[in-house]
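Next up, data34.pdb (PDB, C-alpha atoms and all ligand atoms):
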ATOM      1  CA  MET A   1     -42.778 -39.538 111.852
ATOM      2  CA  THR A   2     -41.544 -42.525 109.817
ATOM      3  CA  ILE A   3     -37.906 -42.982 108.804
ATOM      4  CA  GLY A   4     -38.932 -42.191 105.194
ATOM      5  CA  GLU A   5     -40.450 -38.871 106.271
ATOM      6  CA  PHE A   6     -37.375 -38.152 108.375
ATOM      7  CA  ILE A   7     -35.048 -38.764 105.366
ATOM      8  CA  LEU A   8     -37.193 -36.445 103.249
ATOM      9  CA  LYS A   9     -37.167 -33.762 105.909
ATOM     10  CA  ILE A  10     -33.382 -33.695 106.357
ATOM     11  CA  SER A  11     -32.784 -33.870 102.595
ATOM     12  CA  GLN A  12     -34.820 -30.678 102.207
ATOM     13  CA  LYS A  13     -32.676 -28.993 104.872
ATOM     14  CA  GLN A  14     -29.143 -29.991 103.861
ATOM     15  CA  GLU A  15     -26.882 -31.726 101.346
ATOM     16  CA  PRO A  16     -26.434 -34.462 100.336
ATOM     17  CA  ASP A  17     -29.793 -35.669  99.141
ATOM     18  CA  LEU A  18     -30.379 -38.679 101.401
ATOM     19  CA  THR A  19     -33.360 -39.766  99.309
ATOM     20  CA  LYS A  20     -30.724 -41.058  96.827
ATOM     21  CA  TYR A  21     -29.074 -43.288  99.436
ATOM     22  CA  SER A  22     -30.157 -46.869  99.948
ATOM     23  CA  GLU A  23     -32.919 -46.924 102.560
ATOM     24  CA  SER A  24     -31.680 -50.178 104.089
ATOM     25  CA  PHE A  25     -28.276 -48.570 104.663
ATOM     26  CA  ILE A  26     -29.831 -45.537 106.387
ATOM     27  CA  GLN A  27     -32.095 -47.842 108.402
ATOM     28  CA  LYS A  28     -29.063 -49.868 109.547
ATOM     29  CA  VAL A  29     -27.218 -46.742 110.741
ATOM     30  CA  PHE A  30     -30.416 -45.514 112.400
ATOM     31  CA  THR A  31     -30.872 -48.787 114.305
ATOM     32  CA  GLU A  32     -27.219 -48.810 115.408
ATOM     33  CA  ARG A  33     -27.399 -45.232 116.697
ATOM     34  CA  ARG A  34     -30.778 -45.801 118.390
ATOM     35  CA  THR A  35     -29.489 -48.898 120.199
ATOM     36  CA  ASN A  36     -26.311 -47.094 121.143
ATOM     37  CA  HIS A  37     -28.338 -44.224 122.597
ATOM     38  CA  ASN A  38     -30.856 -46.401 124.449
ATOM     39  CA  PRO A  39     -31.687 -50.004 123.469
ATOM     40  CA  LYS A  40     -35.154 -49.643 124.985
ATOM     41  CA  ILE A  41     -36.235 -46.494 123.158
ATOM     42  CA  SER A  42     -38.768 -46.842 120.285
ATOM     43  CA  ASN A  43     -38.029 -45.747 116.700
ATOM     44  CA  GLU A  44     -40.506 -42.875 117.003
ATOM     45  CA  ALA A  45     -39.015 -41.637 120.282
ATOM     46  CA  TYR A  46     -35.474 -41.773 118.890
ATOM     47  CA  LEU A  47     -36.554 -39.887 115.740
ATOM     48  CA  GLU A  48     -38.034 -37.212 117.976
ATOM     49  CA  TYR A  49     -34.811 -37.134 120.013
ATOM     50  CA  LEU A  50     -32.738 -36.770 116.820
ATOM     51  CA  ASN A  51     -34.959 -33.912 115.700
ATOM     52  CA  GLN A  52     -34.425 -32.027 118.905
ATOM     53  CA  ASN A  53     -30.744 -32.684 119.601
ATOM     54  CA  PRO A  54     -28.340 -31.165 117.079
ATOM     55  CA  SER A  55     -25.340 -32.912 118.654
ATOM     56  CA  GLU A  56     -26.925 -36.393 118.397
ATOM     57  CA  PHE A  57     -28.061 -35.492 114.890
ATOM     58  CA  SER A  58     -24.533 -34.569 113.807
ATOM     59  CA  ILE A  59     -23.165 -37.872 115.219
ATOM     60  CA  PHE A  60     -25.902 -39.756 113.350
ATOM     61  CA  PHE A  61     -25.114 -37.807 110.171
ATOM     62  CA  ARG A  62     -21.382 -38.557 110.465
ATOM     63  CA  HIS A  63     -22.143 -42.272 110.808
ATOM     64  CA  LEU A  64     -23.950 -42.131 107.462
ATOM     65  CA  PHE A  65     -20.595 -41.443 105.773
ATOM     66  CA  PRO A  66     -18.143 -43.945 107.227
ATOM     67  CA  ASN A  67     -14.570 -43.110 106.272
ATOM     68  CA  VAL A  68     -13.164 -46.602 106.716
ATOM     69  CA  SER A  69     -10.145 -47.050 104.464
ATOM     70  CA  ASN A  70      -6.464 -47.929 104.570
ATOM     71  CA  PHE A  71      -3.365 -47.723 102.416
ATOM     72  CA  TYR A  72      -3.220 -50.541  99.814
ATOM     73  CA  ARG A  73      -6.784 -51.599 100.706
ATOM     74  CA  ASP A  74      -7.520 -54.770  98.672
ATOM     75  CA  ARG A  75      -3.878 -55.592  98.095
ATOM     76  CA  LEU A  76      -4.467 -57.591  94.901
ATOM     77  CA  THR A  77      -6.015 -54.589  93.120
ATOM     78  CA  TRP A  78      -2.950 -52.482  93.937
ATOM     79  CA  GLU A  79      -0.577 -55.268  92.830
ATOM     80  CA  TYR A  80      -2.375 -55.324  89.491
ATOM     81  CA  LEU A  81      -2.340 -51.533  89.181
ATOM     82  CA  ALA A  82       1.330 -51.218  90.170
ATOM     83  CA  LYS A  83       2.702 -54.078  88.087
ATOM     84  CA  ILE A  84       0.465 -54.059  85.011
ATOM     85  CA  LEU A  85      -1.965 -51.211  84.593
ATOM     86  CA  PHE A  86      -0.038 -48.061  85.582
ATOM     87  CA  PRO A  87       3.067 -49.160  83.595
ATOM     88  CA  GLN A  88       0.826 -49.598  80.514
ATOM     89  CA  VAL A  89      -0.859 -46.214  80.985
ATOM     90  CA  ILE A  90       2.491 -44.485  81.559
ATOM     91  CA  GLN A  91       4.141 -46.180  78.571
ATOM     92  CA  ASN A  92       1.261 -44.959  76.365
ATOM     93  CA  MET A  93       1.804 -41.448  77.666
ATOM     94  CA  LEU A  94       5.482 -41.496  76.769
ATOM     95  CA  ASP A  95       4.378 -41.434  73.126
ATOM     96  CA  ASN A  96       2.630 -38.157  73.899
ATOM     97  CA  PRO A  97       4.970 -36.309  76.285
ATOM     98  CA  THR A  98       2.895 -33.108  76.403
ATOM     99  CA  SER A  99       0.035 -34.747  78.305
ATOM    100  CA  SER A 100      -0.053 -35.420  82.041
ATOM    101  CA  LEU A 101      -1.300 -38.448  83.922
ATOM    102  CA  ARG A 102      -4.652 -37.476  85.448
ATOM    103  CA  ILE A 103      -6.200 -39.535  88.247
ATOM    104  CA  TRP A 104      -9.370 -38.930  90.304
ATOM    105  CA  SER A 105     -10.116 -40.729  93.546
ATOM    106  CA  ALA A 106     -13.860 -40.128  94.112
ATOM    107  CA  GLY A 107     -14.970 -40.720  97.723
ATOM    108  CA  CYS A 108     -11.357 -40.696  98.932
ATOM    109  CA  ALA A 109     -12.181 -40.673 102.687
ATOM    110  CA  ARG A 110      -9.024 -39.483 104.527
ATOM    111  CA  GLY A 111      -6.786 -39.730 101.466
ATOM    112  CA  GLU A 112      -5.400 -43.264 101.796
ATOM    113  CA  GLU A 113      -6.405 -44.183  98.219
ATOM    114  CA  PRO A 114      -4.947 -41.155  96.339
ATOM    115  CA  TYR A 115      -1.768 -41.256  98.457
ATOM    116  CA  THR A 116      -1.328 -44.982  97.715
ATOM    117  CA  THR A 117      -1.674 -44.078  94.024
ATOM    118  CA  ALA A 118       0.911 -41.294  94.375
ATOM    119  CA  ILE A 119       3.387 -43.648  96.090
ATOM    120  CA  ILE A 120       3.033 -46.244  93.322
ATOM    121  CA  ILE A 121       3.413 -43.689  90.525
ATOM    122  CA  LYS A 122       6.381 -41.982  92.188
ATOM    123  CA  HIS A 123       8.085 -45.315  92.848
ATOM    124  CA  TYR A 124       7.612 -46.491  89.252
ATOM    125  CA  LEU A 125       8.824 -43.240  87.695
ATOM    126  CA  GLU A 126      11.879 -43.127  89.952
ATOM    127  CA  THR A 127      12.808 -46.748  89.378
ATOM    128  CA  LEU A 128      12.755 -46.310  85.580
ATOM    129  CA  ASN A 129      14.034 -42.752  85.726
ATOM    130  CA  ILE A 130      11.044 -41.496  83.701
ATOM    131  CA  LYS A 131       9.681 -37.979  83.970
ATOM    132  CA  ILE A 132       6.020 -37.258  83.320
ATOM    133  CA  ARG A 133       3.663 -34.794  84.933
ATOM    134  CA  SER A 134       0.867 -36.132  87.108
ATOM    135  CA  TYR A 135      -2.291 -34.668  88.600
ATOM    136  CA  ILE A 136      -3.952 -36.682  91.362
ATOM    137  CA  LEU A 137      -7.231 -35.373  92.783
ATOM    138  CA  GLY A 138      -8.982 -36.781  95.860
ATOM    139  CA  THR A 139     -12.586 -35.702  96.439
ATOM    140  CA  ASP A 140     -15.075 -36.434  99.170
ATOM    141  CA  LEU A 141     -18.348 -35.104 100.456
ATOM    142  CA  SER A 142     -17.072 -34.748 104.003
ATOM    143  CA  ASN A 143     -14.948 -31.708 104.854
ATOM    144  CA  TYR A 144     -13.918 -33.467 108.049
ATOM    145  CA  ASN A 145     -12.356 -36.264 105.947
ATOM    146  CA  LEU A 146     -10.698 -33.793 103.587
ATOM    147  CA  THR A 147      -9.092 -31.877 106.466
ATOM    148  CA  GLN A 148      -7.646 -35.144 107.777
ATOM    149  CA  ALA A 149      -6.514 -36.073 104.252
ATOM    150  CA  ARG A 150      -4.608 -32.808 103.769
ATOM    151  CA  LYS A 151      -2.709 -33.433 107.018
ATOM    152  CA  GLY A 152      -1.524 -36.846 105.785
ATOM    153  CA  LEU A 153      -1.174 -38.146 109.351
ATOM    154  CA  TYR A 154      -2.276 -41.729 109.987
ATOM    155  CA  HIS A 155      -2.819 -44.144 112.808
ATOM    156  CA  ILE A 156      -1.041 -47.501 112.578
ATOM    157  CA  GLU A 157      -4.372 -49.161 111.662
ATOM    158  CA  SER A 158      -4.356 -47.278 108.318
ATOM    159  CA  ILE A 159      -0.915 -48.499 107.303
ATOM    160  CA  LYS A 160      -1.242 -52.174 108.239
ATOM    161  CA  GLU A 161      -0.854 -53.257 104.576
ATOM    162  CA  VAL A 162       2.171 -51.030 103.867
ATOM    163  CA  THR A 163       5.496 -52.849 103.449
ATOM    164  CA  LEU A 164       8.438 -51.873 105.640
ATOM    165  CA  LYS A 165      10.331 -50.668 102.555
ATOM    166  CA  ILE A 166       7.522 -48.275 101.536
ATOM    167  CA  LEU A 167       6.997 -47.192 105.144
ATOM    168  CA  ASN A 168      10.657 -46.241 105.568
ATOM    169  CA  ARG A 169      10.815 -44.516 102.200
ATOM    170  CA  TYR A 170       7.571 -42.487 102.190
ATOM    171  CA  PHE A 171       6.458 -42.032 105.824
ATOM    172  CA  SER A 172       7.945 -40.460 108.953
ATOM    173  CA  LYS A 173       6.991 -41.511 112.460
ATOM    174  CA  VAL A 174       5.407 -38.737 114.513
ATOM    175  CA  GLN A 175       4.807 -40.024 118.052
ATOM    176  CA  ASP A 176       2.384 -42.919 117.616
ATOM    177  CA  HIS A 177       1.290 -41.839 114.097
ATOM    178  CA  TYR A 178       2.813 -41.976 110.603
ATOM    179  CA  LYS A 179       3.051 -38.894 108.398
ATOM    180  CA  ILE A 180       3.239 -39.025 104.619
ATOM    181  CA  ASN A 181       6.430 -37.353 103.364
ATOM    182  CA  PRO A 182       6.046 -33.964 101.620
ATOM    183  CA  GLU A 183       7.084 -35.352  98.192
ATOM    184  CA  ILE A 184       3.932 -37.560  98.235
ATOM    185  CA  LEU A 185       1.746 -35.044 100.079
ATOM    186  CA  ASP A 186       2.427 -32.476  97.364
ATOM    187  CA  MET A 187       1.413 -34.840  94.570
ATOM    188  CA  VAL A 188      -2.246 -34.968  95.707
ATOM    189  CA  LYS A 189      -4.838 -32.175  95.674
ATOM    190  CA  PHE A 190      -8.099 -32.482  97.608
ATOM    191  CA  SER A 191     -11.467 -30.871  97.110
ATOM    192  CA  ASN A 192     -15.067 -31.212  98.208
ATOM    193  CA  TYR A 193     -17.338 -32.808  95.632
ATOM    194  CA  ASP A 194     -20.764 -34.368  96.088
ATOM    195  CA  LEU A 195     -21.068 -37.219  93.594
ATOM    196  CA  LEU A 196     -24.851 -36.772  93.668
ATOM    197  CA  GLU A 197     -24.942 -33.161  92.536
ATOM    198  CA  GLU A 198     -26.409 -32.762  89.094
ATOM    199  CA  LYS A 199     -24.815 -29.522  87.897
ATOM    200  CA  SER A 200     -21.502 -30.963  86.705
ATOM    201  CA  PHE A 201     -19.966 -34.242  85.649
ATOM    202  CA  ALA A 202     -16.594 -33.639  87.337
ATOM    203  CA  PRO A 203     -15.197 -31.548  90.213
ATOM    204  CA  GLN A 204     -14.605 -27.922  89.328
ATOM    205  CA  ASP A 205     -10.984 -28.208  90.475
ATOM    206  CA  SER A 206     -10.234 -30.645  87.681
ATOM    207  CA  ILE A 207     -10.949 -27.771  85.230
ATOM    208  CA  PHE A 208     -11.730 -30.134  82.395
ATOM    209  CA  ALA A 209     -12.105 -33.766  83.421
ATOM    210  CA  GLY A 210      -9.943 -35.769  80.945
ATOM    211  CA  PHE A 211      -8.959 -38.377  83.537
ATOM    212  CA  ASN A 212      -6.875 -41.420  82.625
ATOM    213  CA  VAL A 213      -7.974 -43.306  85.744
ATOM    214  CA  ILE A 214     -10.925 -42.880  88.137
ATOM    215  CA  PHE A 215     -11.171 -44.717  91.441
ATOM    216  CA  CYS A 216     -14.577 -45.059  93.056
ATOM    217  CA  ARG A 217     -14.246 -47.893  95.519
ATOM    218  CA  ASN A 218     -16.626 -48.752  98.332
ATOM    219  CA  VAL A 219     -18.840 -45.737  97.695
ATOM    220  CA  LEU A 220     -21.461 -46.824  95.141
ATOM    221  CA  TYR A 221     -23.060 -49.347  97.450
ATOM    222  CA  TYR A 222     -24.543 -46.548  99.558
ATOM    223  CA  PHE A 223     -26.729 -45.336  96.708
ATOM    224  CA  LYS A 224     -29.975 -46.325  95.015
ATOM    225  CA  SER A 225     -29.581 -47.655  91.477
ATOM    226  CA  GLU A 226     -30.697 -44.458  89.734
ATOM    227  CA  ALA A 227     -28.025 -42.480  91.591
ATOM    228  CA  VAL A 228     -25.420 -45.148  90.744
ATOM    229  CA  ASN A 229     -26.336 -44.792  87.055
ATOM    230  CA  ASN A 230     -25.948 -41.003  87.204
ATOM    231  CA  ILE A 231     -22.552 -41.301  88.879
ATOM    232  CA  LEU A 232     -21.310 -43.856  86.341
ATOM    233  CA  THR A 233     -22.448 -41.512  83.560
ATOM    234  CA  LYS A 234     -20.318 -38.759  85.138
ATOM    235  CA  PHE A 235     -17.328 -41.107  85.162
ATOM    236  CA  TYR A 236     -17.918 -42.092  81.558
ATOM    237  CA  LYS A 237     -17.896 -38.431  80.534
ATOM    238  CA  SER A 238     -14.885 -37.644  82.739
ATOM    239  CA  LEU A 239     -12.602 -40.364  81.381
ATOM    240  CA  VAL A 240     -10.496 -40.037  78.256
ATOM    241  CA  PRO A 241     -11.320 -42.632  75.572
ATOM    242  CA  GLY A 242      -9.889 -45.930  76.808
ATOM    243  CA  GLY A 243      -9.651 -44.519  80.372
ATOM    244  CA  ILE A 244      -9.790 -46.812  83.399
ATOM    245  CA  LEU A 245     -12.449 -47.110  86.132
ATOM    246  CA  VAL A 246     -11.571 -48.957  89.353
ATOM    247  CA  LEU A 247     -14.454 -50.082  91.588
ATOM    248  CA  GLY A 248     -14.509 -51.787  95.007
ATOM    249  CA  ASN A 249     -14.308 -55.578  95.298
ATOM    250  CA  ALA A 250     -17.959 -55.889  96.313
ATOM    251  CA  GLU A 251     -19.284 -53.558  93.608
ATOM    252  CA  LEU A 252     -20.543 -54.799  90.266
ATOM    253  CA  LEU A 253     -21.094 -52.670  87.199
ATOM    254  CA  PRO A 254     -24.846 -52.543  86.388
ATOM    255  CA  GLU A 255     -25.788 -54.399  83.183
ATOM    256  CA  ASP A 256     -26.872 -51.153  81.487
ATOM    257  CA  PHE A 257     -23.248 -49.997  81.569
ATOM    258  CA  GLU A 258     -21.609 -53.114  80.203
ATOM    259  CA  HIS A 259     -21.423 -51.634  76.700
ATOM    260  CA  LEU A 260     -19.748 -48.490  78.036
ATOM    261  CA  PHE A 261     -17.103 -50.091  80.236
ATOM    262  CA  HIS A 262     -15.614 -53.517  79.775
ATOM    263  CA  ARG A 263     -13.925 -55.439  82.526
ATOM    264  CA  ILE A 264     -10.268 -56.013  81.732
ATOM    265  CA  ASN A 265      -9.378 -58.420  84.498
ATOM    266  CA  PRO A 266     -11.493 -61.312  85.810
ATOM    267  CA  ILE A 267     -10.209 -61.009  89.381
ATOM    268  CA  VAL A 268      -9.818 -57.330  90.150
ATOM    269  CA  PRO A 269     -12.714 -54.900  89.418
ATOM    270  CA  VAL A 270     -10.971 -52.776  86.784
ATOM    271  CA  TYR A 271     -12.878 -51.525  83.712
ATOM    272  CA  LYS A 272     -11.872 -49.773  80.508
ATOM    273  CA  LYS A 273     -14.046 -47.128  78.890
ATOM    274  CA  SER A 274     -15.253 -48.498  75.617
ATOM    275  CA  THR A 275     -14.114 -46.414  72.664
ATOM    276  CA  ALA A 276     -16.152 -48.316  70.087
ATOM    277  CA  VAL A 277     -19.467 -47.056  71.452
ATOM    278  CA  TYR A 278     -18.249 -43.628  72.534
ATOM    279  CA  LYS A 279     -20.709 -41.639  70.416
ATOM    280  CA  ARG A 280     -23.655 -43.950  71.007
ATOM    281  CA  SER A 281     -23.181 -43.697  74.750
ATOM    282  CA  HIS A 282     -23.870 -39.968  74.774
ATOM    283  CA  ARG A 283     -27.293 -40.622  73.333
ATOM    284  CA  ASN A 284     -28.049 -43.546  75.607
ATOM    285  CA  VAL A 285     -26.915 -42.370  79.025
TER     286      VAL A 285
HETATM  287  C1  LIG A 301     -15.906 -46.280 102.859
HETATM  288  S1  LIG A 301     -15.253 -44.759 102.279
HETATM  289  C2  LIG A 301     -14.340 -45.320 100.859
HETATM  290  C3  LIG A 301     -12.908 -44.839 100.895
HETATM  291  C4  LIG A 301     -12.005 -45.377  99.779
HETATM  292  N1  LIG A 301     -12.546 -45.107  98.475
HETATM  293  C5  LIG A 301     -11.761 -46.861  99.961
HETATM  294  O1  LIG A 301     -12.302 -47.682  99.231
HETATM  295  O2  LIG A 301     -11.024 -47.220 100.870
HETATM  296  C6  LIG A 301     -16.688 -43.981 101.529
HETATM  297  C7  LIG A 301     -16.509 -42.481 101.318
HETATM  298  O3  LIG A 301     -17.556 -42.017 100.464
HETATM  299  C8  LIG A 301     -17.880 -40.708 100.865
HETATM  300  N2  LIG A 301     -19.209 -40.333 100.335
HETATM  301  C9  LIG A 301     -20.445 -40.745 100.740
HETATM  302  N3  LIG A 301     -21.407 -40.127 100.025
HETATM  303  C10 LIG A 301     -20.758 -39.321  99.129
HETATM  304  C11 LIG A 301     -21.210 -38.415  98.115
HETATM  305  N4  LIG A 301     -22.520 -38.210  97.891
HETATM  306  N5  LIG A 301     -20.288 -37.750  97.381
HETATM  307  C12 LIG A 301     -18.961 -37.931  97.612
HETATM  308  N6  LIG A 301     -18.459 -38.759  98.560
HETATM  309  C13 LIG A 301     -19.356 -39.446  99.313
HETATM  310  C14 LIG A 301     -17.842 -40.785 102.393
HETATM  311  O4  LIG A 301     -17.698 -39.508 102.979
HETATM  312  C15 LIG A 301     -16.619 -41.697 102.622
HETATM  313  O5  LIG A 301     -15.447 -40.952 102.823
END

Could you rewrite the structure in this file as structure tokens?
Amino acid sequence: MTIGEFILKISQKQEPDLTKYSESFIQKVFTERRTNHNPKISNEAYLEYLNQNPSEFSIFFRHLFPNVSNFYRDRLTWEYLAKILFPQVIQNMLDNPTSSLRIWSAGCARGEEPYTTAIIIKHYLETLNIKIRSYILGTDLSNYNLTQARKGLYHIESIKEVTLKILNRYFSKVQDHYKINPEILDMVKFSNYDLLEEKSFAPQDSIFAGFNVIFCRNVLYYFKSEAVNNILTKFYKSLVPGGILVLGNAELLPEDFEHLFHRINPIVPVYKKSTAVYKRSHRNV
């Protein structure tokens, strides 16, 4: 059996559809796991072993979805969001006090990204004594990650970019871990959502998308370009006109989408949904 046949076989058996993931990424994980198991074993023999050993298969499968993340990952992006972008979005909302600030962190791993967002929003609103409603949703494919996220308990490695002031204000030390305080924990909802599924353009829990900001950082690079295009189309449909999309530092928007999102900062990968071509986009994407 070749690795291509193997990918096809497991995609027929279970979600997500691995045929939409980059083959070189799957190959890399496969080689790492094979070498870890036995550096001398051939590809064919390891494939056979994977087929017959559910426990090795589940380890291999988990490695396909690495949950590497940390609070304030890519510090410059968060500086920009905290000092410039969120204040602008919130000020715009003050003109329309009935609406709430809606944020989606897609591929949120163990929750570091949506909790960082909640801390920044909470801090800003408290400092200026502003009251607005917010809805922050973290979604991931992995239920293991989501269970960890709901606990809000982190190893020191995850908080290495957190300042002492924020740590003292929003975390409590629990033995050798740090737990997010309930006021932040309660601001974030989590649910399972496969970005590759084709039945919906947003998680069911969001009821109607209408997001002001969507984060999808360090997720798109796993996928083949057709899948990336489908996911970006979902985001386009899920954002309010003028809504914001935040990508990872190493991720570039495909050319086909440059008329739908325009980059608003040359250094950090933050894009605004284009309102001028809103109608045209529905025909094109
Ligand atoms: C490297 S983490 C990124 C975490 C966070 N966004 C960040 O930048 O720090 C990638 C996450 O994408 C999730 N993921 C992979 N495939 C997915 C899919 N098809 N749908 C939703 N999430 C997926 C993985 O489970 C993992 O938690």

Next item on the list: Check the smallest atom-to-atom distance from each of A:Ser100, A:Asn51, A:Asn38, A:Thr163 to Ser134 (chain A) using only C-alpha atoms, then report the winner.
Entry: A:Ser100

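Running the PyMOL selection byres (((chain A and resi 104) around 7) and not hetatm) on this file leaves Arg102, Ile103, Ser105, Ala106, Ile136, Leu137, Gly138, Phe211, Val213, Ile214 and Phe215 of chain A selected.
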
Next item on the list: Pick out the residues no farther than 6 Å from ligand LIG 301 (chain A), counting all atoms listed in the file, and list them as a PyMOL selection string.
Entry: chain A and resi 16+65-70+107-109+113+140-142+193-196+216-219

Next item on the list: Scan for residues within 12 Å of the point (-1.6, -49.5, 89.1) in the coordinates of the file, using all atoms listed in the file, and reply as a ChimeraX atom specification.
Entry: /A:72,75-90,103,113-114,116-124,212-215,244-246,268,270

Margin query: I'd like to know which of A:Tyr144, A:Phe30, A:Phe171, A:Tyr154 is closest to Phe60 (chain A), using all atoms listed in the file.
Written below: A:Phe30

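Selection result for the displayed file, with the PyMOL selection byres (((chain A and resi 221-224) around 7) and not hetatm) as criterion, is Lys20, Tyr21, Ser22, Phe25, Asn218, Val219, Leu220, Ser225, Glu226, Ala227, Val228 and Glu251 of chain A.
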
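Between CA of Gly248 (chain A) and CA of Leu232 (chain A) there is a distance of 13.6 Å.
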
Note to self: I'd like the interatomic distance between CA of Thr98 (chain A) and CA of Lys189 (chain A), to a tenth of an Å.
What the structure shows: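 We find that CA of Thr98 (chain A) and CA of Lys189 (chain A) lie 20.8 Å from each other.
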
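Evaluated against this file, the PyMOL selection byres (((chain A and resi 3) around 9) and not hetatm) yields Met1, Thr2, Gly4, Glu5, Phe6, Ile7, Leu8, Glu23, Ile26, Gln27, Phe30, Asn43, Glu44 and Leu47 of chain A.
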
Check: Between A:Ser99, A:Ser158, A:Asn92, A:Ser238, which one has atoms that come closest to Tyr135 (chain A), using only C-alpha atoms?
Finding: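 Of A:Ser99, A:Ser158, A:Asn92, A:Ser238, the one nearest Tyr135 (chain A) is A:Ser99, counting only C-alpha atoms.
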